[in-house]
Amino acid sequence: GKLAEFTPQAMDRRAAYNQQVLTQLSKIDQNALNPAQLMNYRLFKYERETEALSYQFQDKYFPVNFLSGWHTYFAEAPANMAFLTSQDYDNFLISLADYPRFNQENINLMKAGIQAGYVHHCESFKDYHQSINAHIVKDPKDSAVFDPFTRFPNTFTEQQKSTYSAKAIELIASAVVPAYQDFYEFFVNDYMPNCRKEPGIASAKGGLDYYAYTANYYTTTDATPKEIHDLGLSEVKRIRQEMQAIIDQVGFKGSYAEFLQFLATDPQFYAADRQDVMEKTAFITMKMYGKLPTFFGHLPRNTFTIKGSASRGAFYMPPPDSRTPGTYFLTSEPKQQPLYNLEALSLHEAVPGHHLQNAIAMELEVPEFRRTLSHSAFGEGWGLYSERLGKEAGFYQDPYSDFGRLGYEMWRAVRLVVDTGIHAFGWSRQQAIDYLAQHTALTTKSVENQIDRYISWPGQALSYKMGEIKIRELRAKAEQALGNQFDIRSFHDTVIGQGSLPMAVLEDVINDWIDSQKAK
């Protein structure tokens, strides 16, 4: 249907409405609410306060980041959506026709960002125009948004198929592609000549305050950049010692850097072909599926599928509705997907990680806003916690695979150091690249891409480790308080059984659960 509005008037309207809702919320007597109502109230109020705060900061000037933007989301979303009825196609034709307006309003936000001095870093965005140019196609049938018109339901008549296809071709040619061309010309001719010279957001006016805001937003904590930075350094040191123990265990005689080079180049760590990557991935996820009842009392009905992705690394796409499975995307190119990482990666993205958590949330008997609620620290923290949980489930029997798990944990710990280093403490792009390369087995290109991602998305990279540390901390507290009465299935059901939660709310939920377990 019609796409969102991003005019100043629309934003003002939403801000005013949000404030009106907060005023209404303040009149509710919390003492009159039962526990379930109180949780709904607390989460809804948190979201409204978070939204109110966002209007005070510069988020709107960054509708794109190194990984994605409105233009890539619009192009990629249809392939992951169910098109089963004529209404689905009618709605999508409305979206195609509306795209030029939606596109221009986002461009206008970036223009306002130029005026305000809130623009992306030059070096990080030097190739970004390619993500726009990829969608400027001569033949509308080559457009990513034509995908739904290549897979009509069997119930459609030939007349329906030809009518919808003709309308789509006309709209893609007359509206969608020209809009991508407009964005391309603006980006190349206007935006990049005004790009930010320094990588850190602190170099912009008010940037340090903005970074403190983004750090709090993505971690859902009040930890300061300095506290996060120091925690990262501590975690890097601990994980490095565990990695060295594995290097010693396998009898490797060279240095840490030489071991990483060995992992990057030895053929034993790479699949034969793309099909081999996908089959090994499927085996890991099915093996974990069989272990889930040991660690969870409640499992979701919805499933997930696995697809190769050439455009970006691994990620999970939740189902848009109950008619569609979740999708675990991963790079199926063997040289880009080392096998020693595959167990940790699959546990994070699929089960018991993102798919399990999202699918359970979407099936909860709670107000609708809670089913798709997403807090980065909760979701990514749970994903990273799931990687470690695999060790308890019998994975990582191969020491190289366990090293891969630690490598992923190291990568997330390094993020605490480099993200704060770049945005709060004046690190150069090269300094951050060198630190990440020194501590991980990522390829040179991957390291550069990661750093450019952090530069363009201040604070987001902090969420993984900060969330995981809190979940592990709460589990340790519960184990100590309950002793041999600690039930791992009940604990996990409690952590992900309420949908996504800010860390402070999760802590209260687990504290209440500990008390209820003691009472039993």
# chains A, B, ... in the order shown; residues from 1 in each chain; ligands from 1
$ residues_around --residues "region 415-429 of chain A" --least-positions-apart "6" --cutoff "6 Å" --atoms "only C-alpha atoms" --output "VMD selection string"
chain A and resid 200 to 202 225 229 232 461 to 462
$ residues_around --residues "region 506-512 of chain A" --least-positions-apart "3" --cutoff "8 Å" --atoms "only C-alpha atoms" --output "PyMOL selection string"
chain A and resi 474+478+491+494-495+501-503+515-516
$ closest_atom_pairs --of "region 68-183 of chain A" --to "region 435-458 of chain A" --cutoff "9 Å" --atoms "only C-alpha atoms" --output "tab-separated table"
residue	atom	partner	partner_atom	distance
A:His120	CA	A:Ser456	CA	6.2
A:His121	CA	A:Ser456	CA	7.1
A:Glu123	CA	A:Asp452	CA	8.1
A:Ser124	CA	A:Asp452	CA	4.9
A:Phe125	CA	A:Asp452	CA	7.9
$ closest_atom_pairs --of "region 358-417 of chain A" --to "region 319-335 of chain A" --cutoff "12 Å" --atoms "only C-alpha atoms" --output "tab-separated table"
residue	atom	partner	partner_atom	distance
A:Asn358	CA	A:Pro319	CA	8.6
A:Ala359	CA	A:Gly326	CA	7.9
A:Ile360	CA	A:Pro319	CA	11.5
A:Ala361	CA	A:Pro319	CA	11.4
A:Met362	CA	A:Ser322	CA	8.5
A:Glu363	CA	A:Ser322	CA	8.8
A:Arg371	CA	A:Asp321	CA	10.9
A:Thr372	CA	A:Pro320	CA	9.4
$ closest_residue --among "A:Ile172, A:Ala77, A:Cys195, A:Met39" --to "Arg370 (chain A)" --atoms "only C-alpha atoms"
A:Met39
$ select_by_dssp --residues "region 161-229 of chain A" --states "helix (DSSP H, G or I)" --output "compact mmCIF listing (two decimals) with all heavy atoms, in the first residue's frame"
# COMPACT_ATOMS: atom_id res chain seq x y z
N LYS A 161 -2.57 -12.69 -14.75
CA LYS A 161 -1.10 -12.64 -14.77
C LYS A 161 -0.60 -11.60 -15.76
O LYS A 161 0.29 -10.79 -15.44
CB LYS A 161 -0.53 -14.02 -15.14
CG LYS A 161 -0.76 -15.09 -14.10
CD LYS A 161 -0.24 -16.44 -14.59
CE LYS A 161 -0.54 -17.56 -13.60
NZ LYS A 161 -0.08 -18.88 -14.09
N SER A 162 -1.16 -11.59 -16.97
CA SER A 162 -0.69 -10.65 -17.98
C SER A 162 -1.05 -9.21 -17.61
O SER A 162 -0.26 -8.29 -17.84
CB SER A 162 -1.27 -11.01 -19.35
OG SER A 162 -2.68 -10.94 -19.33
N THR A 163 -2.22 -9.01 -17.00
CA THR A 163 -2.64 -7.65 -16.60
C THR A 163 -1.73 -7.10 -15.51
O THR A 163 -1.25 -5.96 -15.59
CB THR A 163 -4.10 -7.67 -16.10
OG1 THR A 163 -4.94 -8.14 -17.15
CG2 THR A 163 -4.54 -6.27 -15.68
N TYR A 164 -1.49 -7.92 -14.48
CA TYR A 164 -0.61 -7.46 -13.39
C TYR A 164 0.81 -7.23 -13.88
O TYR A 164 1.45 -6.24 -13.52
CB TYR A 164 -0.61 -8.48 -12.24
CG TYR A 164 -1.78 -8.33 -11.29
CD1 TYR A 164 -2.64 -9.39 -11.05
CD2 TYR A 164 -2.01 -7.12 -10.62
CE1 TYR A 164 -3.72 -9.27 -10.17
CE2 TYR A 164 -3.08 -6.98 -9.74
CZ TYR A 164 -3.93 -8.05 -9.53
OH TYR A 164 -4.99 -7.91 -8.66
N SER A 165 1.31 -8.13 -14.72
CA SER A 165 2.68 -7.96 -15.24
C SER A 165 2.81 -6.68 -16.04
O SER A 165 3.80 -5.94 -15.90
CB SER A 165 3.05 -9.17 -16.11
OG SER A 165 3.16 -10.33 -15.34
N ALA A 166 1.82 -6.40 -16.89
CA ALA A 166 1.86 -5.19 -17.71
C ALA A 166 1.87 -3.93 -16.85
O ALA A 166 2.61 -2.97 -17.10
CB ALA A 166 0.68 -5.18 -18.68
N LYS A 167 1.03 -3.93 -15.80
CA LYS A 167 0.98 -2.77 -14.90
C LYS A 167 2.31 -2.59 -14.17
O LYS A 167 2.80 -1.47 -14.01
CB LYS A 167 -0.15 -2.95 -13.87
CG LYS A 167 -1.54 -2.77 -14.46
CD LYS A 167 -2.61 -2.97 -13.38
CE LYS A 167 -4.01 -2.77 -13.94
NZ LYS A 167 -5.07 -3.02 -12.91
N ALA A 168 2.89 -3.70 -13.73
CA ALA A 168 4.17 -3.63 -13.01
C ALA A 168 5.27 -3.11 -13.92
O ALA A 168 6.06 -2.24 -13.52
CB ALA A 168 4.54 -5.01 -12.48
N ILE A 169 5.34 -3.63 -15.15
CA ILE A 169 6.37 -3.18 -16.09
C ILE A 169 6.24 -1.68 -16.35
O ILE A 169 7.25 -0.96 -16.37
CB ILE A 169 6.25 -3.99 -17.41
CG1 ILE A 169 6.74 -5.43 -17.18
CG2 ILE A 169 7.03 -3.32 -18.54
CD1 ILE A 169 6.42 -6.38 -18.32
N GLU A 170 5.02 -1.22 -16.50
CA GLU A 170 4.81 0.21 -16.77
C GLU A 170 5.23 1.06 -15.58
O GLU A 170 5.93 2.08 -15.73
CB GLU A 170 3.32 0.45 -17.10
CG GLU A 170 3.02 1.80 -17.73
CD GLU A 170 2.94 2.94 -16.72
OE1 GLU A 170 2.43 2.70 -15.62
OE2 GLU A 170 3.40 4.07 -17.03
N LEU A 171 4.89 0.64 -14.36
CA LEU A 171 5.24 1.42 -13.16
C LEU A 171 6.74 1.38 -12.88
O LEU A 171 7.32 2.39 -12.47
CB LEU A 171 4.47 0.89 -11.95
CG LEU A 171 3.00 1.30 -11.86
CD1 LEU A 171 2.29 0.53 -10.75
CD2 LEU A 171 2.87 2.80 -11.62
N ILE A 172 7.36 0.24 -13.07
CA ILE A 172 8.81 0.15 -12.84
C ILE A 172 9.54 1.08 -13.81
O ILE A 172 10.46 1.80 -13.43
CB ILE A 172 9.30 -1.31 -12.99
CG1 ILE A 172 8.76 -2.17 -11.83
CG2 ILE A 172 10.83 -1.37 -12.99
CD1 ILE A 172 8.94 -3.67 -12.03
N ALA A 173 9.11 1.07 -15.08
CA ALA A 173 9.77 1.90 -16.10
C ALA A 173 9.51 3.39 -15.91
O ALA A 173 10.42 4.21 -16.07
CB ALA A 173 9.30 1.47 -17.49
N SER A 174 8.29 3.74 -15.52
CA SER A 174 7.93 5.16 -15.46
C SER A 174 8.13 5.80 -14.10
O SER A 174 8.28 7.02 -14.00
CB SER A 174 6.46 5.33 -15.88
OG SER A 174 5.60 4.72 -14.92
N ALA A 175 8.11 5.00 -13.03
CA ALA A 175 8.18 5.56 -11.67
C ALA A 175 9.40 5.07 -10.88
O ALA A 175 10.18 5.88 -10.37
CB ALA A 175 6.90 5.21 -10.90
N VAL A 176 9.58 3.76 -10.78
CA VAL A 176 10.59 3.22 -9.87
C VAL A 176 12.01 3.50 -10.37
O VAL A 176 12.83 4.07 -9.64
CB VAL A 176 10.38 1.70 -9.66
CG1 VAL A 176 11.49 1.14 -8.79
CG2 VAL A 176 9.02 1.45 -9.01
N VAL A 177 12.31 3.11 -11.60
CA VAL A 177 13.68 3.29 -12.11
C VAL A 177 14.06 4.79 -12.18
O VAL A 177 15.17 5.15 -11.76
CB VAL A 177 13.87 2.59 -13.47
CG1 VAL A 177 15.22 2.95 -14.08
CG2 VAL A 177 13.76 1.08 -13.30
N PRO A 178 13.18 5.68 -12.67
CA PRO A 178 13.54 7.11 -12.65
C PRO A 178 13.81 7.63 -11.23
O PRO A 178 14.66 8.51 -11.04
CB PRO A 178 12.30 7.79 -13.25
CG PRO A 178 11.71 6.76 -14.15
CD PRO A 178 11.93 5.46 -13.43
N ALA A 179 13.11 7.08 -10.22
CA ALA A 179 13.35 7.49 -8.83
C ALA A 179 14.75 7.06 -8.38
O ALA A 179 15.47 7.83 -7.72
CB ALA A 179 12.30 6.90 -7.90
N TYR A 180 15.15 5.85 -8.75
CA TYR A 180 16.52 5.40 -8.43
C TYR A 180 17.55 6.27 -9.15
O TYR A 180 18.60 6.60 -8.58
CB TYR A 180 16.70 3.93 -8.81
CG TYR A 180 16.24 2.96 -7.74
CD1 TYR A 180 14.96 2.39 -7.79
CD2 TYR A 180 17.05 2.64 -6.67
CE1 TYR A 180 14.53 1.52 -6.80
CE2 TYR A 180 16.64 1.76 -5.68
CZ TYR A 180 15.37 1.20 -5.75
OH TYR A 180 14.94 0.35 -4.75
N GLN A 181 17.24 6.68 -10.37
CA GLN A 181 18.14 7.57 -11.10
C GLN A 181 18.27 8.92 -10.40
O GLN A 181 19.37 9.47 -10.28
CB GLN A 181 17.61 7.78 -12.53
CG GLN A 181 18.53 8.60 -13.42
CD GLN A 181 19.83 7.88 -13.75
OE1 GLN A 181 19.81 6.71 -14.13
NE2 GLN A 181 20.96 8.56 -13.61
N ASP A 182 17.16 9.44 -9.89
CA ASP A 182 17.19 10.71 -9.14
C ASP A 182 18.08 10.60 -7.91
O ASP A 182 18.86 11.50 -7.61
CB ASP A 182 15.77 11.11 -8.70
CG ASP A 182 14.88 11.56 -9.86
OD1 ASP A 182 15.44 11.85 -10.94
OD2 ASP A 182 13.65 11.61 -9.67
N PHE A 183 17.92 9.49 -7.19
CA PHE A 183 18.73 9.29 -5.99
C PHE A 183 20.21 9.18 -6.36
O PHE A 183 21.07 9.76 -5.70
CB PHE A 183 18.25 8.04 -5.24
CG PHE A 183 19.00 7.76 -3.96
CD1 PHE A 183 19.55 8.79 -3.19
CD2 PHE A 183 19.14 6.45 -3.49
CE1 PHE A 183 20.24 8.52 -2.00
CE2 PHE A 183 19.81 6.18 -2.31
CZ PHE A 183 20.38 7.22 -1.56
N TYR A 184 20.50 8.45 -7.41
CA TYR A 184 21.89 8.27 -7.85
C TYR A 184 22.53 9.62 -8.15
O TYR A 184 23.65 9.92 -7.70
CB TYR A 184 21.93 7.38 -9.08
CG TYR A 184 23.33 7.11 -9.61
CD1 TYR A 184 24.08 6.05 -9.10
CD2 TYR A 184 23.90 7.92 -10.59
CE1 TYR A 184 25.36 5.79 -9.57
CE2 TYR A 184 25.18 7.67 -11.06
CZ TYR A 184 25.91 6.62 -10.54
OH TYR A 184 27.18 6.38 -11.00
N GLU A 185 21.84 10.45 -8.91
CA GLU A 185 22.39 11.76 -9.30
C GLU A 185 22.58 12.66 -8.08
O GLU A 185 23.60 13.36 -7.97
CB GLU A 185 21.49 12.41 -10.35
CG GLU A 185 21.54 11.68 -11.69
CD GLU A 185 20.53 12.22 -12.69
OE1 GLU A 185 19.86 13.22 -12.39
OE2 GLU A 185 20.42 11.61 -13.79
N PHE A 186 21.62 12.63 -7.17
CA PHE A 186 21.77 13.43 -5.94
C PHE A 186 22.97 12.95 -5.13
O PHE A 186 23.78 13.75 -4.66
CB PHE A 186 20.50 13.34 -5.08
CG PHE A 186 20.73 13.71 -3.64
CD1 PHE A 186 20.92 15.03 -3.25
CD2 PHE A 186 20.81 12.72 -2.66
CE1 PHE A 186 21.16 15.37 -1.93
CE2 PHE A 186 21.06 13.04 -1.33
CZ PHE A 186 21.23 14.38 -0.96
N PHE A 187 23.07 11.64 -4.98
CA PHE A 187 24.14 11.09 -4.14
C PHE A 187 25.52 11.44 -4.71
O PHE A 187 26.40 11.89 -3.97
CB PHE A 187 23.99 9.56 -4.02
CG PHE A 187 24.98 8.94 -3.07
CD1 PHE A 187 24.74 8.94 -1.71
CD2 PHE A 187 26.16 8.38 -3.53
CE1 PHE A 187 25.66 8.40 -0.82
CE2 PHE A 187 27.09 7.83 -2.66
CZ PHE A 187 26.84 7.84 -1.29
N VAL A 188 25.70 11.26 -6.00
CA VAL A 188 27.00 11.49 -6.64
C VAL A 188 27.32 12.98 -6.75
O VAL A 188 28.45 13.41 -6.45
CB VAL A 188 27.04 10.83 -8.03
CG1 VAL A 188 28.31 11.22 -8.78
CG2 VAL A 188 26.96 9.31 -7.90
N ASN A 189 26.35 13.77 -7.14
CA ASN A 189 26.60 15.19 -7.45
C ASN A 189 26.50 16.13 -6.26
O ASN A 189 27.17 17.16 -6.22
CB ASN A 189 25.64 15.67 -8.55
CG ASN A 189 25.82 14.90 -9.84
OD1 ASN A 189 26.92 14.47 -10.17
ND2 ASN A 189 24.73 14.72 -10.58
N ASP A 190 25.65 15.79 -5.28
CA ASP A 190 25.40 16.70 -4.16
C ASP A 190 25.89 16.17 -2.81
O ASP A 190 26.47 16.91 -2.02
CB ASP A 190 23.89 17.02 -4.05
CG ASP A 190 23.35 17.67 -5.30
OD1 ASP A 190 24.10 18.39 -5.98
OD2 ASP A 190 22.16 17.44 -5.61
N TYR A 191 25.62 14.87 -2.55
CA TYR A 191 25.91 14.35 -1.21
C TYR A 191 27.39 14.11 -0.99
O TYR A 191 27.97 14.61 -0.01
CB TYR A 191 25.12 13.05 -0.98
CG TYR A 191 25.10 12.62 0.48
CD1 TYR A 191 24.23 13.24 1.39
CD2 TYR A 191 25.93 11.62 0.95
CE1 TYR A 191 24.20 12.86 2.72
CE2 TYR A 191 25.91 11.23 2.29
CZ TYR A 191 25.04 11.85 3.17
OH TYR A 191 25.03 11.49 4.49
N MET A 192 28.02 13.35 -1.87
CA MET A 192 29.42 12.99 -1.66
C MET A 192 30.37 14.20 -1.65
O MET A 192 31.35 14.20 -0.88
CB MET A 192 29.86 11.94 -2.67
CG MET A 192 29.32 10.55 -2.37
SD MET A 192 29.64 9.97 -0.67
CE MET A 192 31.40 9.65 -0.74
N PRO A 193 30.13 15.24 -2.44
CA PRO A 193 31.01 16.42 -2.33
C PRO A 193 30.95 17.08 -0.95
O PRO A 193 31.83 17.86 -0.60
CB PRO A 193 30.47 17.36 -3.42
CG PRO A 193 29.88 16.44 -4.43
CD PRO A 193 29.25 15.33 -3.62
N ASN A 194 29.90 16.75 -0.15
CA ASN A 194 29.76 17.34 1.19
C ASN A 194 29.97 16.31 2.30
O ASN A 194 29.59 16.55 3.45
CB ASN A 194 28.36 17.95 1.33
CG ASN A 194 28.19 19.18 0.47
OD1 ASN A 194 28.71 20.25 0.79
ND2 ASN A 194 27.45 19.06 -0.64
N ILE A 201 31.56 10.37 14.67
CA ILE A 201 30.41 11.28 14.69
C ILE A 201 30.66 12.44 15.64
O ILE A 201 30.05 13.50 15.53
CB ILE A 201 29.11 10.52 15.07
CG1 ILE A 201 27.87 11.33 14.67
CG2 ILE A 201 29.08 10.18 16.56
CD1 ILE A 201 27.70 11.50 13.18
N ALA A 202 31.61 12.28 16.56
CA ALA A 202 31.94 13.36 17.50
C ALA A 202 32.52 14.57 16.76
O ALA A 202 32.53 15.69 17.30
CB ALA A 202 32.92 12.88 18.56
N SER A 203 32.98 14.37 15.51
CA SER A 203 33.53 15.49 14.75
C SER A 203 32.44 16.44 14.25
O SER A 203 32.73 17.56 13.83
CB SER A 203 34.34 14.97 13.55
OG SER A 203 33.51 14.26 12.64
N GLY A 207 27.95 16.02 18.14
CA GLY A 207 28.11 14.61 17.82
C GLY A 207 28.35 13.71 19.02
O GLY A 207 27.91 12.55 19.03
N LEU A 208 29.05 14.22 20.02
CA LEU A 208 29.34 13.40 21.21
C LEU A 208 28.06 13.09 21.97
O LEU A 208 27.85 11.97 22.45
CB LEU A 208 30.36 14.11 22.11
CG LEU A 208 31.27 13.22 22.95
CD1 LEU A 208 31.96 12.15 22.11
CD2 LEU A 208 32.31 14.07 23.67
N ASP A 209 27.18 14.09 22.08
CA ASP A 209 25.88 13.86 22.72
C ASP A 209 25.04 12.88 21.91
O ASP A 209 24.35 12.02 22.47
CB ASP A 209 25.11 15.18 22.86
CG ASP A 209 25.72 16.09 23.92
OD1 ASP A 209 26.44 15.58 24.79
OD2 ASP A 209 25.48 17.31 23.85
N TYR A 210 25.13 13.01 20.59
CA TYR A 210 24.38 12.09 19.72
C TYR A 210 24.88 10.66 19.91
O TYR A 210 24.09 9.71 19.97
CB TYR A 210 24.53 12.53 18.26
CG TYR A 210 23.85 11.60 17.27
CD1 TYR A 210 22.48 11.36 17.33
CD2 TYR A 210 24.59 10.94 16.28
CE1 TYR A 210 21.85 10.51 16.44
CE2 TYR A 210 23.97 10.08 15.38
CZ TYR A 210 22.60 9.87 15.46
OH TYR A 210 21.99 9.02 14.57
N TYR A 211 26.20 10.49 20.04
CA TYR A 211 26.75 9.15 20.22
C TYR A 211 26.32 8.55 21.56
O TYR A 211 25.99 7.37 21.64
CB TYR A 211 28.27 9.14 20.10
CG TYR A 211 28.84 7.75 20.20
CD1 TYR A 211 28.50 6.78 19.27
CD2 TYR A 211 29.69 7.38 21.25
CE1 TYR A 211 29.00 5.48 19.36
CE2 TYR A 211 30.19 6.09 21.34
CZ TYR A 211 29.84 5.14 20.40
OH TYR A 211 30.32 3.86 20.50
N ALA A 212 26.32 9.36 22.61
CA ALA A 212 25.87 8.86 23.91
C ALA A 212 24.42 8.39 23.81
O ALA A 212 24.05 7.36 24.39
CB ALA A 212 26.00 9.96 24.97
N TYR A 213 23.62 9.13 23.03
CA TYR A 213 22.22 8.76 22.81
C TYR A 213 22.12 7.43 22.05
O TYR A 213 21.37 6.53 22.44
CB TYR A 213 21.50 9.87 22.05
CG TYR A 213 20.33 9.42 21.22
CD1 TYR A 213 19.12 9.03 21.81
CD2 TYR A 213 20.42 9.36 19.83
CE1 TYR A 213 18.05 8.60 21.03
CE2 TYR A 213 19.35 8.93 19.05
CZ TYR A 213 18.17 8.55 19.65
OH TYR A 213 17.12 8.12 18.89
N THR A 214 22.89 7.28 20.96
CA THR A 214 22.81 6.05 20.17
C THR A 214 23.32 4.84 20.97
O THR A 214 22.77 3.75 20.87
CB THR A 214 23.59 6.14 18.84
OG1 THR A 214 24.99 6.34 19.11
CG2 THR A 214 23.07 7.26 17.97
N ALA A 215 24.36 5.05 21.78
CA ALA A 215 24.89 3.96 22.61
C ALA A 215 23.81 3.48 23.58
O ALA A 215 23.61 2.26 23.76
CB ALA A 215 26.13 4.41 23.37
N ASN A 216 23.11 4.41 24.20
CA ASN A 216 22.03 4.04 25.12
C ASN A 216 20.87 3.38 24.38
O ASN A 216 20.27 2.41 24.86
CB ASN A 216 21.53 5.27 25.87
CG ASN A 216 22.55 5.83 26.85
OD1 ASN A 216 22.43 6.95 27.30
ND2 ASN A 216 23.58 5.06 27.17
N TYR A 217 20.56 3.91 23.19
CA TYR A 217 19.45 3.37 22.41
C TYR A 217 19.71 1.92 22.02
O TYR A 217 18.84 1.05 22.20
CB TYR A 217 19.24 4.21 21.14
CG TYR A 217 18.22 3.62 20.19
CD1 TYR A 217 16.86 3.78 20.42
CD2 TYR A 217 18.62 2.89 19.08
CE1 TYR A 217 15.92 3.22 19.57
CE2 TYR A 217 17.70 2.32 18.22
CZ TYR A 217 16.35 2.49 18.46
OH TYR A 217 15.42 1.94 17.62
N TYR A 218 20.90 1.62 21.50
CA TYR A 218 21.17 0.28 21.00
C TYR A 218 21.48 -0.73 22.11
O TYR A 218 21.23 -1.92 21.94
CB TYR A 218 22.31 0.30 19.98
CG TYR A 218 21.86 0.86 18.64
CD1 TYR A 218 22.32 2.08 18.17
CD2 TYR A 218 20.94 0.16 17.86
CE1 TYR A 218 21.89 2.59 16.95
CE2 TYR A 218 20.50 0.67 16.65
CZ TYR A 218 20.98 1.88 16.19
OH TYR A 218 20.54 2.38 15.00
N THR A 219 22.01 -0.28 23.24
CA THR A 219 22.29 -1.22 24.32
C THR A 219 21.14 -1.30 25.33
O THR A 219 21.12 -2.20 26.16
CB THR A 219 23.58 -0.84 25.09
OG1 THR A 219 23.37 0.40 25.79
CG2 THR A 219 24.76 -0.68 24.13
N PRO A 225 30.13 5.61 27.06
CA PRO A 225 31.11 5.12 26.08
C PRO A 225 32.41 4.65 26.75
O PRO A 225 32.99 3.64 26.32
CB PRO A 225 31.34 6.34 25.18
CG PRO A 225 30.01 7.05 25.20
CD PRO A 225 29.52 6.90 26.61
N LYS A 226 32.85 5.34 27.79
CA LYS A 226 34.09 4.94 28.48
C LYS A 226 33.91 3.58 29.17
O LYS A 226 34.79 2.71 29.09
CB LYS A 226 34.47 6.00 29.52
CG LYS A 226 35.76 5.69 30.30
CD LYS A 226 37.00 5.80 29.41
CE LYS A 226 38.29 5.82 30.19
NZ LYS A 226 38.60 4.57 30.90
N GLU A 227 32.80 3.38 29.84
CA GLU A 227 32.54 2.09 30.49
C GLU A 227 32.47 0.96 29.47
O GLU A 227 33.00 -0.14 29.70
CB GLU A 227 31.22 2.17 31.28
CG GLU A 227 31.30 3.05 32.52
CD GLU A 227 29.94 3.34 33.13
OE1 GLU A 227 28.92 3.21 32.43
OE2 GLU A 227 29.90 3.73 34.32
N ILE A 228 31.84 1.23 28.34
CA ILE A 228 31.72 0.23 27.28
C ILE A 228 33.09 -0.09 26.69
O ILE A 228 33.43 -1.25 26.45
CB ILE A 228 30.73 0.71 26.19
CG1 ILE A 228 29.31 0.83 26.77
CG2 ILE A 228 30.74 -0.22 24.99
CD1 ILE A 228 28.32 1.51 25.86
N HIS A 229 33.88 0.94 26.46
CA HIS A 229 35.23 0.77 25.90
C HIS A 229 36.09 -0.11 26.81
O HIS A 229 36.73 -1.06 26.36
CB HIS A 229 35.87 2.14 25.72
CG HIS A 229 37.17 2.13 24.96
ND1 HIS A 229 37.22 2.11 23.58
CD2 HIS A 229 38.46 2.12 25.38
CE1 HIS A 229 38.49 2.10 23.18
NE2 HIS A 229 39.26 2.11 24.26
$ decode --residues "region 251-262 of chain A" --atoms "N, CA and C atoms" --output "mmCIF file, in the first residue's frame"
data_model
loop_
_atom_site.group_PDB
_atom_site.id
_atom_site.type_symbol
_atom_site.label_atom_id
_atom_site.label_comp_id
_atom_site.auth_asym_id
_atom_site.auth_seq_id
_atom_site.Cartn_x
_atom_site.Cartn_y
_atom_site.Cartn_z
ATOM 1 N N GLY A 251 48.402 -27.907 18.551
ATOM 2 C CA GLY A 251 49.825 -28.072 18.301
ATOM 3 C C GLY A 251 50.402 -27.160 17.239
ATOM 4 N N PHE A 252 49.756 -26.027 17.024
ATOM 5 C CA PHE A 252 50.281 -25.085 16.017
ATOM 6 C C PHE A 252 51.479 -24.341 16.618
ATOM 7 N N LYS A 253 52.564 -24.257 15.850
ATOM 8 C CA LYS A 253 53.813 -23.706 16.389
ATOM 9 C C LYS A 253 54.033 -22.226 16.076
ATOM 10 N N GLY A 254 53.260 -21.655 15.164
ATOM 11 C CA GLY A 254 53.489 -20.268 14.783
ATOM 12 C C GLY A 254 52.814 -19.271 15.710
ATOM 13 N N SER A 255 52.822 -18.024 15.313
ATOM 14 C CA SER A 255 52.219 -16.936 16.095
ATOM 15 C C SER A 255 50.700 -16.927 15.910
ATOM 16 N N TYR A 256 50.029 -16.098 16.678
ATOM 17 C CA TYR A 256 48.572 -15.934 16.566
ATOM 18 C C TYR A 256 48.208 -15.471 15.159
ATOM 19 N N ALA A 257 48.933 -14.492 14.643
ATOM 20 C CA ALA A 257 48.670 -13.972 13.296
ATOM 21 C C ALA A 257 48.877 -15.067 12.244
ATOM 22 N N GLU A 258 49.885 -15.888 12.448
ATOM 23 C CA GLU A 258 50.155 -16.976 11.499
ATOM 24 C C GLU A 258 49.055 -18.044 11.560
ATOM 25 N N PHE A 259 48.503 -18.267 12.750
ATOM 26 C CA PHE A 259 47.405 -19.216 12.882
ATOM 27 C C PHE A 259 46.171 -18.712 12.139
ATOM 28 N N LEU A 260 45.895 -17.417 12.262
ATOM 29 C CA LEU A 260 44.763 -16.834 11.537
ATOM 30 C C LEU A 260 44.968 -16.962 10.031
ATOM 31 N N GLN A 261 46.202 -16.772 9.592
ATOM 32 C CA GLN A 261 46.516 -16.912 8.173
ATOM 33 C C GLN A 261 46.336 -18.366 7.716
ATOM 34 N N PHE A 262 46.712 -19.300 8.573
ATOM 35 C CA PHE A 262 46.523 -20.733 8.307
ATOM 36 C C PHE A 262 45.033 -21.048 8.118
#
